[in-house]
Protein chains: 2
Amino acid sequence: MRIGELSKRSGLSRDTLRFYEKQGLIHSRPGAAATNNYRDYPKDTLIQLEQIADAQAAGMSIADVILFLSQLEAADSDDFDGEAFLQARIDEITYRIKRSERFLDSLRRAQQVLATPPTES
Amino acid sequence: MRIGELSKRSGLSRDTLRFYEKQGLIHSRPGAAATNNYRDYPKDTLIQLEQIADAQAAGMSIADVILFLSQLEAADSDDFDGEAFLQARIDEITYRIKRSERFLDSLRRAQQVLATPPTES
DNA sequence: CAAAACCATGGAGTGGAGTCAATGGTTTTG
DNA sequence: CAAAACCATTGACTCCACTCCATGGTTTTG
C-alpha cells in the first residue's frame with residue numbers, strides 16, 4: 001500500500017506517516033517496483049497505527065511507544081528491565097485513567113448544572 | 001500562601017505556577033502586605049491545581065480548561081454553547097479512556113509474555 | 001503525451017507547555 | 001545587619017509532535 005492510501009485509511013497525513021517512519025514507529029519496504037522509490041507499506045501497518053493511537057491516547061510519547069515495541073520483539077534482551085518498564089507504564093496509565101474519570105465526573109456535574117433551568121430565586 | 005509554599009505543596013515549579021497564572025488558570029491577590037509585590041494565593045488554589053491536573057490527564061489543553069472554567073462561572077452567557085462544548089469534551093474523554101484501556105490491556109498481555117519462562121521448544 | 005495526481009527529500013516553521021537565566025527587590029534568620 | 005532564602009519580571013530557550021514548503025522525480029488518466 002502506498003502512502004496516499006494509508007493516509008486516507010488511517011486518517012493521518014502523509015507527513016505524519018513519513019514522520020512516524022523516520023522515528024521508527026512504522027516500516028515500509030522501499031520500492032517493490034524497484035523503478036521508483038515510493039514507500040510500500042504492508043497492510044498490517046493500519047493495525048499498528050491504531051495501536052499507536054491507543055498508546056498516544058493513553059499519554060505515551062513516541063519514544064515510549066518505540067521502547068515498548070522493541071520490548072515486544074526482543075523480550076529476552078537482558079540489558080533492559082522490560083518488566084519494570086511495563087509495570088511503570090501500567091501504573092502511570094492506570095493513574096491517568098483514574099484522573100480522567102474524575103474529571104469526566106466533574107464535566108457531567110457541570111452538565112447537570114447547565115441543564116437545570118435558571119434559579120427562580 | 002506565597003508561591004514557594006504553593007509550589008512545594010502542589011509539586012509544580014514556581015515557573016509553572018506563574019505560567020498558569022499568566023494563562024489565567026489560577027489567580028492571586030497581589031501583595032496583601034502592600035509593601036511588596038509577592039503573589040498571595042488563596043488556599044483553595046491547591047484544589048484547583050488538582051482539578052487542572054485531572055483535566056490535563058484527561059488530555060485537555062490549558063485553553064480548554066480555561067473555557068471550561070469560564071463556563072462554570074457564567075453559566076448563562078448565551079453567546080457560547082456551553083452544553084455543546086461540554087458534550088464534545090465528554091465524548092472526547094470517554095473515547096480517550098476507551099483507547100487508554102485498550103492499550104492498558106495490551107501492556108498487560110505483554111507483561112504476561114515476559115513473565116512466562118522462555119519456551120523450552 | 002501532456003496535465004494532473006502522486007511520491008521523495010531536506011529543512012524550516014508552528015503551537016503547546018513549560019523551563020531557564022539574568023537582574024534586581026524583599027524577608028527571614030543566625 | 002549581613003547572608004541566605006525568597007520573590008518579581010522579561011525574554012530567550014527547550015522538547016515534542018507535527019506541519020509546511022520548495023524542488024524535483026514517477027504514475028495515472030483523459
# chains A, B, ... in the order shown; residues from 1 in each chain; ligands from 1

call {"tool": "select_by_dssp", "arguments": {"residues": "chain B", "states": "helix (DSSP H, G or I)", "output": "PyMOL selection string"}}
result
chain B and resi 3-10+14-23+45-57+62-73+82-115

call {"tool": "residues_around", "arguments": {"residues": "D:DT14", "least_positions_apart": "2", "cutoff": "10 Å", "atoms": "only C-alpha atoms (C1' of nucleotides)", "output": "mmCIF file with N, CA and C atoms (P, O5', C5', C4', C3', O3' and C1' of nucleotides), in the first residue's frame"}}
result
data_model
loop_
_atom_site.group_PDB
_atom_site.id
_atom_site.type_symbol
_atom_site.label_atom_id
_atom_site.label_comp_id
_atom_site.auth_asym_id
_atom_site.auth_seq_id
_atom_site.Cartn_x
_atom_site.Cartn_y
_atom_site.Cartn_z
ATOM 1 P P DG C 18 2.188 22.403 31.693
ATOM 2 O "O5'" DG C 18 2.796 23.816 32.045
ATOM 3 C "C5'" DG C 18 4.075 24.135 32.509
ATOM 4 C "C4'" DG C 18 5.196 23.541 31.722
ATOM 5 C "C3'" DG C 18 6.523 23.684 32.452
ATOM 6 O "O3'" DG C 18 7.184 22.448 32.519
ATOM 7 C "C1'" DG C 18 6.673 24.520 30.233
ATOM 8 P P DT C 19 8.265 22.181 33.608
ATOM 9 O "O5'" DT C 19 9.532 23.048 33.130
ATOM 10 C "C5'" DT C 19 10.349 22.533 32.090
ATOM 11 C "C4'" DT C 19 11.540 23.440 31.894
ATOM 12 C "C3'" DT C 19 12.248 23.865 33.192
ATOM 13 O "O3'" DT C 19 13.611 23.522 33.004
ATOM 14 C "C1'" DT C 19 11.865 25.739 31.805
ATOM 15 P P DC C 20 14.682 23.752 34.129
ATOM 16 O "O5'" DC C 20 15.443 25.061 33.624
ATOM 17 C "C5'" DC C 20 15.601 25.255 32.221
ATOM 18 C "C4'" DC C 20 16.521 26.435 31.963
ATOM 19 C "C3'" DC C 20 17.370 26.870 33.145
ATOM 20 O "O3'" DC C 20 18.664 27.172 32.646
ATOM 21 C "C1'" DC C 20 15.965 28.675 32.457
ATOM 22 P P DC D 16 11.845 15.283 23.574
ATOM 23 O "O5'" DC D 16 10.330 15.232 23.088
ATOM 24 C "C5'" DC D 16 9.285 15.569 24.001
ATOM 25 C "C4'" DC D 16 8.026 15.859 23.227
ATOM 26 C "C3'" DC D 16 7.799 14.922 22.036
ATOM 27 O "O3'" DC D 16 6.518 14.344 22.201
ATOM 28 C "C1'" DC D 16 7.518 17.201 21.407
#

call {"tool": "closest_residue", "arguments": {"among": "D:DG11, D:DA3, D:DA22, D:DT27", "to": "chain A", "atoms": "only C-alpha atoms (C1' of nucleotides)"}}
result
D:DT27

call {"tool": "interface_residues", "arguments": {"of": "chain A", "to": "chain C", "cutoff": "10 Å", "atoms": "only C-alpha atoms (C1' of nucleotides)", "output": "number ranges by chain"}}
result
A: 2-4, 36-39

call {"tool": "write_last_selection", "arguments": {"atoms": "C-alpha atoms", "output": "CSV table (one decimal), in the first residue's frame"}}
result
chain,number,residue,atom,x,y,z
A,2,ARG,CA,1.4,3.4,-0.9
A,3,ILE,CA,1.5,6.3,1.4
A,4,GLY,CA,-1.6,8.1,0.0
A,36,ASN,CA,10.7,4.2,-8.1
A,37,ASN,CA,11.5,4.9,-4.5
A,38,TYR,CA,7.9,5.0,-3.3
A,39,ARG,CA,7.2,3.6,0.1

call {"tool": "residues_around", "arguments": {"residues": "B:Ile62", "least_positions_apart": "5", "cutoff": "9 Å", "atoms": "only C-alpha atoms (C1' of nucleotides)", "output": "list of chain:residue names"}}
result
B:Tyr20, B:Gln23, B:Leu25, B:Ile52, B:Ala55, B:Gln56, B:Leu67, C:DG16, C:DA17

call {"tool": "atom_distance", "arguments": {"atom1": "atom CA of B:Arg96", "atom2": "atom CA of A:Asp105"}}
result
14.6 Å

call {"tool": "interface_residues", "arguments": {"of": "chain B", "to": "chain A", "cutoff": "9 Å", "atoms": "only C-alpha atoms", "output": "JSON, numbers by chain"}}
result
{"B": [51, 52, 53, 54, 55, 56, 57, 58, 59, 68, 71, 72, 75, 76, 82, 83, 86, 87, 89, 90, 93, 94, 95, 96, 97, 98, 99, 100, 101, 102, 103, 104, 107, 108, 110, 111, 113, 114, 115, 118]}

call {"tool": "write_last_selection", "arguments": {"atoms": "C-alpha atoms", "output": "short mmCIF file (atom, residue, chain, number, x, y, z; two decimals), in the first residue's frame"}}
result
data_model
loop_
_atom_site.label_atom_id
_atom_site.label_comp_id
_atom_site.auth_asym_id
_atom_site.auth_seq_id
_atom_site.Cartn_x
_atom_site.Cartn_y
_atom_site.Cartn_z
CA GLN B 51 -8.53 19.71 39.08
CA ILE B 52 -6.30 21.17 36.43
CA ALA B 53 -4.07 18.13 36.71
CA ASP B 54 -7.10 15.91 36.28
CA ALA B 55 -8.11 17.82 33.19
CA GLN B 56 -4.65 17.53 31.74
CA ALA B 57 -4.52 13.84 32.47
CA ALA B 58 -7.75 13.61 30.50
CA GLY B 59 -5.99 15.23 27.58
CA PHE B 68 -14.44 25.10 30.97
CA GLN B 71 -18.26 28.15 31.54
CA LEU B 72 -18.91 27.27 35.15
CA ALA B 75 -23.41 29.50 33.01
CA ASP B 76 -25.94 31.70 31.29
CA GLY B 82 -21.73 25.54 26.82
CA GLU B 83 -23.82 22.43 26.59
CA LEU B 86 -19.35 20.08 27.48
CA GLN B 87 -20.83 17.26 25.48
CA ARG B 89 -15.38 17.18 25.79
CA ILE B 90 -17.26 14.37 27.48
CA ILE B 93 -12.57 11.99 27.02
CA THR B 94 -14.79 8.94 27.06
CA TYR B 95 -13.22 7.88 23.80
CA ARG B 96 -9.75 8.56 25.08
CA ILE B 97 -10.37 6.45 28.15
CA LYS B 98 -11.60 3.61 25.97
CA ARG B 99 -8.43 3.77 23.91
CA SER B 100 -6.30 4.00 27.03
CA GLU B 101 -7.89 0.90 28.44
CA ARG B 102 -7.32 -0.97 25.24
CA PHE B 103 -3.68 -0.04 25.39
CA LEU B 104 -3.51 -0.98 29.04
CA LEU B 107 0.53 -3.83 28.13
CA ARG B 108 -0.86 -6.45 30.49
CA ALA B 110 2.92 -8.11 27.13
CA GLN B 111 3.55 -8.45 30.83
CA VAL B 113 4.52 -12.84 27.89
CA LEU B 114 7.50 -11.52 29.77
CA ALA B 115 6.51 -13.33 32.91
CA PRO B 118 11.34 -18.81 27.92
#

call {"tool": "atom_distance", "arguments": {"atom1": "atom CA of B:Pro30", "atom2": "atom CA of B:Met1"}}
result
11.1 Å

call {"tool": "select_by_dssp", "arguments": {"residues": "stretch 8-116 of chain A", "states": "strand (DSSP E or B)", "output": "list of chain:residue names"}}
result
A:Arg29, A:Pro30, A:Arg39, A:Asp40

call {"tool": "write_last_selection", "arguments": {"atoms": "C-alpha atoms", "output": "CSV table (one decimal), in the first residue's frame"}}
result
chain,number,residue,atom,x,y,z
A,29,ARG,CA,9.8,-1.8,2.2
A,30,PRO,CA,11.1,0.6,-0.4
A,39,ARG,CA,7.2,3.6,0.1
A,40,ASP,CA,5.2,0.4,0.2

call {"tool": "decode", "arguments": {"residues": "chain C", "atoms": "C-alpha atoms (C1' of nucleotides)", "output": "PDB file, in the first residue's frame"}}
result
ATOM      1  C1'  DC C   1       1.594  12.593 -24.464  1.00  0.00           C
ATOM      2  C1'  DA C   2       0.532  16.351 -21.566  1.00  0.00           C
ATOM      3  C1'  DA C   3      -1.727  17.532 -17.387  1.00  0.00           C
ATOM      4  C1'  DA C   4      -2.994  16.010 -13.074  1.00  0.00           C
ATOM      5  C1'  DA C   5      -2.072  13.316  -9.276  1.00  0.00           C
ATOM      6  C1'  DC C   6       1.168  11.132  -6.578  1.00  0.00           C
ATOM      7  C1'  DC C   7       5.650  10.437  -4.448  1.00  0.00           C
ATOM      8  C1'  DA C   8      10.508  11.721  -2.392  1.00  0.00           C
ATOM      9  C1'  DT C   9      13.884  14.532   0.392  1.00  0.00           C
ATOM     10  C1'  DG C  10      15.552  18.171   3.294  1.00  0.00           C
ATOM     11  C1'  DG C  11      14.869  21.661   6.130  1.00  0.00           C
ATOM     12  C1'  DA C  12      12.267  25.407   8.179  1.00  0.00           C
ATOM     13  C1'  DG C  13       8.265  26.638  10.936  1.00  0.00           C
ATOM     14  C1'  DT C  14       4.338  26.059  14.435  1.00  0.00           C
ATOM     15  C1'  DG C  15       1.903  25.548  18.831  1.00  0.00           C
ATOM     16  C1'  DG C  16       1.591  23.802  23.338  1.00  0.00           C
ATOM     17  C1'  DA C  17       3.539  23.515  27.764  1.00  0.00           C
ATOM     18  C1'  DG C  18       6.673  24.520  30.233  1.00  0.00           C
ATOM     19  C1'  DT C  19      11.865  25.739  31.805  1.00  0.00           C
ATOM     20  C1'  DC C  20      15.965  28.675  32.457  1.00  0.00           C
ATOM     21  C1'  DA C  21      18.669  32.725  33.164  1.00  0.00           C
ATOM     22  C1'  DA C  22      19.653  37.467  34.211  1.00  0.00           C
ATOM     23  C1'  DT C  23      18.758  41.196  37.017  1.00  0.00           C
ATOM     24  C1'  DG C  24      17.099  43.256  40.957  1.00  0.00           C
ATOM     25  C1'  DG C  25      13.901  43.952  45.029  1.00  0.00           C
ATOM     26  C1'  DT C  26      12.121  41.884  49.892  1.00  0.00           C
ATOM     27  C1'  DT C  27      12.162  38.778  54.043  1.00  0.00           C
ATOM     28  C1'  DT C  28      13.936  35.789  57.142  1.00  0.00           C
ATOM     29  C1'  DT C  29      17.429  34.117  60.066  1.00  0.00           C
ATOM     30  C1'  DG C  30      21.684  33.279  62.825  1.00  0.00           C
TER      31       DG C  30
END
